[in-house]
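Raw run32.txt, compact mmCIF, C-alpha atoms:
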# COMPACT_ATOMS: atom_id res chain seq x y z
CA LYS X 1 169.70 164.69 -15.89
CA ASP X 2 167.11 167.31 -16.67
CA ARG X 3 165.02 167.41 -13.48
CA ASP X 4 162.50 169.98 -14.79
CA LYS X 5 160.85 167.66 -17.32
CA LYS X 6 157.56 165.98 -16.44
CA VAL X 7 155.70 163.01 -17.80
CA THR X 8 152.59 164.48 -19.37
CA ASN X 9 150.97 161.18 -20.32
CA PHE X 10 151.44 159.07 -17.19
CA LYS X 11 150.34 155.45 -17.67
CA SER X 12 152.08 153.44 -14.98
CA LEU X 13 154.75 153.27 -12.29
CA SER X 14 156.36 149.91 -11.60
CA ILE X 15 158.89 149.35 -8.84
CA LYS X 16 160.44 145.89 -8.66
CA ASN X 17 162.81 144.48 -6.03
CA LEU X 18 164.04 147.96 -5.04
CA PHE X 19 166.82 148.29 -2.48
CA PHE X 20 168.61 151.42 -1.32
CA LYS X 21 171.47 151.96 1.10
CA HIS X 22 173.10 155.31 1.87
CA GLU X 23 176.86 155.31 1.24
CA ASP X 24 177.65 155.89 4.91
CA SER X 25 175.38 153.09 6.16
CA GLU X 26 175.71 149.33 6.43
CA ILE X 27 171.93 148.87 6.67
CA ASN X 28 169.44 149.19 3.78
CA THR X 29 167.10 152.16 4.09
CA LEU X 30 164.69 150.40 1.71
CA SER X 31 164.55 146.64 1.13
CA ASP X 32 162.65 144.67 -1.52
CA ILE X 33 160.07 147.36 -2.38
CA ASN X 34 157.53 146.29 -5.01
CA ILE X 35 154.81 148.69 -6.25
CA LYS X 36 152.57 148.73 -9.30
CA LEU X 37 150.57 151.93 -9.82
CA ASN X 38 148.43 152.66 -12.88
CA LYS X 39 146.89 155.88 -14.14
CA ASN X 40 144.02 157.12 -11.92
CA GLU X 41 145.15 154.96 -8.98
CA SER X 42 146.32 156.39 -5.65
CA LEU X 43 148.95 155.21 -3.22
CA ALA X 44 149.60 156.47 0.30
CA ILE X 45 153.20 156.32 1.51
CA VAL X 46 153.12 156.41 5.31
CA GLY X 47 155.49 155.53 8.10
CA PRO X 48 157.48 156.92 10.99
CA VAL X 49 160.26 159.47 10.66
CA GLY X 50 163.30 157.82 9.07
CA ALA X 51 161.35 154.97 7.46
CA GLY X 52 162.45 155.93 3.93
CA LYS X 53 159.39 157.75 2.55
CA SER X 54 161.35 160.71 1.16
CA THR X 55 164.09 158.40 -0.05
CA LEU X 56 161.52 156.41 -2.04
CA LEU X 57 160.22 159.60 -3.67
CA ASP X 58 163.78 160.71 -4.44
CA LEU X 59 164.38 157.35 -6.14
CA ILE X 60 161.17 157.59 -8.18
CA SER X 61 161.97 161.13 -9.33
CA GLY X 62 165.52 160.15 -10.28
CA GLU X 63 167.19 162.41 -7.71
CA ILE X 64 169.18 159.45 -6.41
CA ASP X 65 169.99 155.99 -7.82
CA SER X 66 168.92 152.72 -6.25
CA THR X 67 171.38 150.18 -4.90
CA GLU X 68 169.44 147.43 -6.68
CA GLY X 69 166.10 146.98 -8.48
CA ASP X 70 164.06 148.67 -11.19
CA ILE X 71 161.83 151.72 -11.34
CA LYS X 72 159.84 151.99 -14.55
CA ILE X 73 157.65 154.88 -15.60
CA ASN X 74 155.45 154.18 -18.60
CA PHE X 75 157.40 150.91 -19.07
CA SER X 76 160.87 152.56 -19.29
CA THR X 77 163.53 152.73 -16.58
CA ASN X 78 164.39 156.17 -15.20
CA SER X 79 167.70 156.09 -17.03
CA GLU X 80 165.95 155.26 -20.33
CA CYS X 81 163.17 157.84 -20.00
CA ASP X 82 163.24 161.00 -22.05
CA GLU X 83 161.19 162.55 -19.30
CA VAL X 84 161.64 162.21 -15.57
CA TYR X 85 158.43 161.80 -13.60
CA SER X 86 158.10 164.28 -10.78
CA ALA X 87 155.06 164.54 -8.56
CA ALA X 88 153.90 167.44 -6.44
CA ILE X 89 153.55 165.95 -2.99
Translate this file's structure into structure tokens.
Amino acid sequence: KDRDKKVTNFKSLSIKNLFFKHEDSEINTLSDINIKLNKNESLAIVGPVGAGKSTLLDLISGEIDSTEGDIKINFSTNSECDEVYSAAI
């Protein structure tokens, strides 16, 4: 994957029934995450250390693949996108 590309015309981010488990773990790091974010909307991702905040951002940016569920940027899944959305956090 080309990680340097950016979505220049962001319209929406949709996360549906997202689960993630690290290979060396028996417990899900993220379970049943559902988010809908449209252009000009904001979302705060907060939680204690180890809650999965960075993992969620890695999933959105395409750095890692989910165990289950869909992440869509401008109505296309990460694997279907010509461009991978990356945000400066």
Pick from X:Asp32, X:Asp58, X:Glu41, X:Glu63: nearest to Asn17 (chain X), with all atoms listed in the file counted? X:Asp32
Hey, can you check how far CA of Ser12 (chain X) sits from CA of Val49 (chain X)?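 Result for CA of Ser12 (chain X) versus CA of Val49 (chain X): 27.6 Å, one decimal.
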Show me the residues close to (165.5, 146.0, -2.7) - anything with an atom within 8 Å, counting only C-alpha atoms - and format the list as a list in words.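 Answer for this query, in the requested form: Lys16, Asn17, Leu18, Phe19, Phe20, Leu30, Ser31, Asp32, Ile33, Thr67, Glu68 and Gly69 of chain X.
Between CA of Lys39 (chain X) and CA of Leu13 (chain X) the separation is 8.5 Å.
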Set the distance at 10 Å and use only C-alpha atoms: which residues neighbour Ile15 (chain X) once local chain neighbours fewer than 4 positions away are removed? I'd like the list as a PDB file with C-alpha atoms, keeping the file's coordinate frame.
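Saved file part_21.pdb follows:
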ATOM      1  CA  ASP X  32     162.650 144.670  -1.520  1.00  0.00           C
ATOM      2  CA  ILE X  33     160.070 147.360  -2.380  1.00  0.00           C
ATOM      3  CA  ASN X  34     157.530 146.290  -5.010  1.00  0.00           C
ATOM      4  CA  ILE X  35     154.810 148.690  -6.250  1.00  0.00           C
ATOM      5  CA  LYS X  36     152.570 148.730  -9.300  1.00  0.00           C
ATOM      6  CA  LEU X  37     150.570 151.930  -9.820  1.00  0.00           C
ATOM      7  CA  ILE X  60     161.170 157.590  -8.180  1.00  0.00           C
ATOM      8  CA  GLY X  69     166.100 146.980  -8.480  1.00  0.00           C
ATOM      9  CA  ASP X  70     164.060 148.670 -11.190  1.00  0.00           C
ATOM     10  CA  ILE X  71     161.830 151.720 -11.340  1.00  0.00           C
ATOM     11  CA  LYS X  72     159.840 151.990 -14.550  1.00  0.00           C
ATOM     12  CA  ILE X  73     157.650 154.880 -15.600  1.00  0.00           C
ATOM     13  CA  THR X  77     163.530 152.730 -16.580  1.00  0.00           C
TER      14      THR X  77
END
In Å, with one decimal, what is the gap from CA of Leu59 (chain X) to CA of Glu26 (chain X)?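 Atom-to-atom, CA of Leu59 (chain X) and CA of Glu26 (chain X) are spaced 18.7 Å apart.
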With 8 Å on each side, where is the centre of the axis-aligned box around all listed atoms of region 35-43 of chain X, and how long are its edges in Å to one decimal, as JSON?
{"center_x": 149.4, "center_y": 152.9, "center_z": -8.7, "size_x": 26.8, "size_y": 24.4, "size_z": 26.9}
Nearest to Lys21 (chain X): which of X:Asn74, X:Ile45, X:Asp65, X:Asn40 is it, counting all atoms listed in the file?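 Closest candidate: X:Asp65.
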Any chance you could turn region 29-41 of chain X into a file with N, CA and C atoms, as an mmCIF file, in the first residue's frame?
data_model
loop_
_atom_site.group_PDB
_atom_site.id
_atom_site.type_symbol
_atom_site.label_atom_id
_atom_site.label_comp_id
_atom_site.auth_asym_id
_atom_site.auth_seq_id
_atom_site.Cartn_x
_atom_site.Cartn_y
_atom_site.Cartn_z
ATOM 1 N N THR X 29 -8.881 -6.052 21.261
ATOM 2 C CA THR X 29 -8.471 -4.710 21.655
ATOM 3 C C THR X 29 -9.619 -3.742 21.404
ATOM 4 N N LEU X 30 -10.315 -3.931 20.286
ATOM 5 C CA LEU X 30 -11.485 -3.124 19.929
ATOM 6 C C LEU X 30 -12.641 -4.070 19.625
ATOM 7 N N SER X 31 -13.828 -3.742 20.113
ATOM 8 C CA SER X 31 -15.001 -4.588 19.893
ATOM 9 C C SER X 31 -16.199 -3.750 19.481
ATOM 10 N N ASP X 32 -16.791 -4.109 18.348
ATOM 11 C CA ASP X 32 -18.041 -3.529 17.863
ATOM 12 C C ASP X 32 -18.019 -1.998 17.837
ATOM 13 N N ILE X 33 -17.010 -1.438 17.189
ATOM 14 C CA ILE X 33 -16.879 0.019 17.042
ATOM 15 C C ILE X 33 -17.707 0.458 15.842
ATOM 16 N N ASN X 34 -18.531 1.484 16.054
ATOM 17 C CA ASN X 34 -19.377 2.048 15.004
ATOM 18 C C ASN X 34 -19.263 3.566 15.061
ATOM 19 N N ILE X 35 -18.806 4.176 13.953
ATOM 20 C CA ILE X 35 -18.610 5.627 13.883
ATOM 21 C C ILE X 35 -19.066 6.108 12.515
ATOM 22 N N LYS X 36 -19.741 7.228 12.484
ATOM 23 C CA LYS X 36 -20.078 7.900 11.232
ATOM 24 C C LYS X 36 -19.617 9.344 11.393
ATOM 25 N N LEU X 37 -18.706 9.785 10.528
ATOM 26 C CA LEU X 37 -18.151 11.128 10.600
ATOM 27 C C LEU X 37 -18.205 11.749 9.213
ATOM 28 N N ASN X 38 -18.853 12.905 9.110
ATOM 29 C CA ASN X 38 -18.966 13.608 7.836
ATOM 30 C C ASN X 38 -18.023 14.801 7.787
ATOM 31 N N LYS X 39 -17.812 15.314 6.610
ATOM 32 C CA LYS X 39 -16.978 16.496 6.395
ATOM 33 C C LYS X 39 -17.426 17.602 7.349
ATOM 34 N N ASN X 40 -16.447 18.296 7.915
ATOM 35 C CA ASN X 40 -16.648 19.421 8.844
ATOM 36 C C ASN X 40 -17.176 19.003 10.207
ATOM 37 N N GLU X 41 -17.207 17.709 10.510
ATOM 38 C CA GLU X 41 -17.550 17.241 11.843
ATOM 39 C C GLU X 41 -16.273 16.848 12.575
#
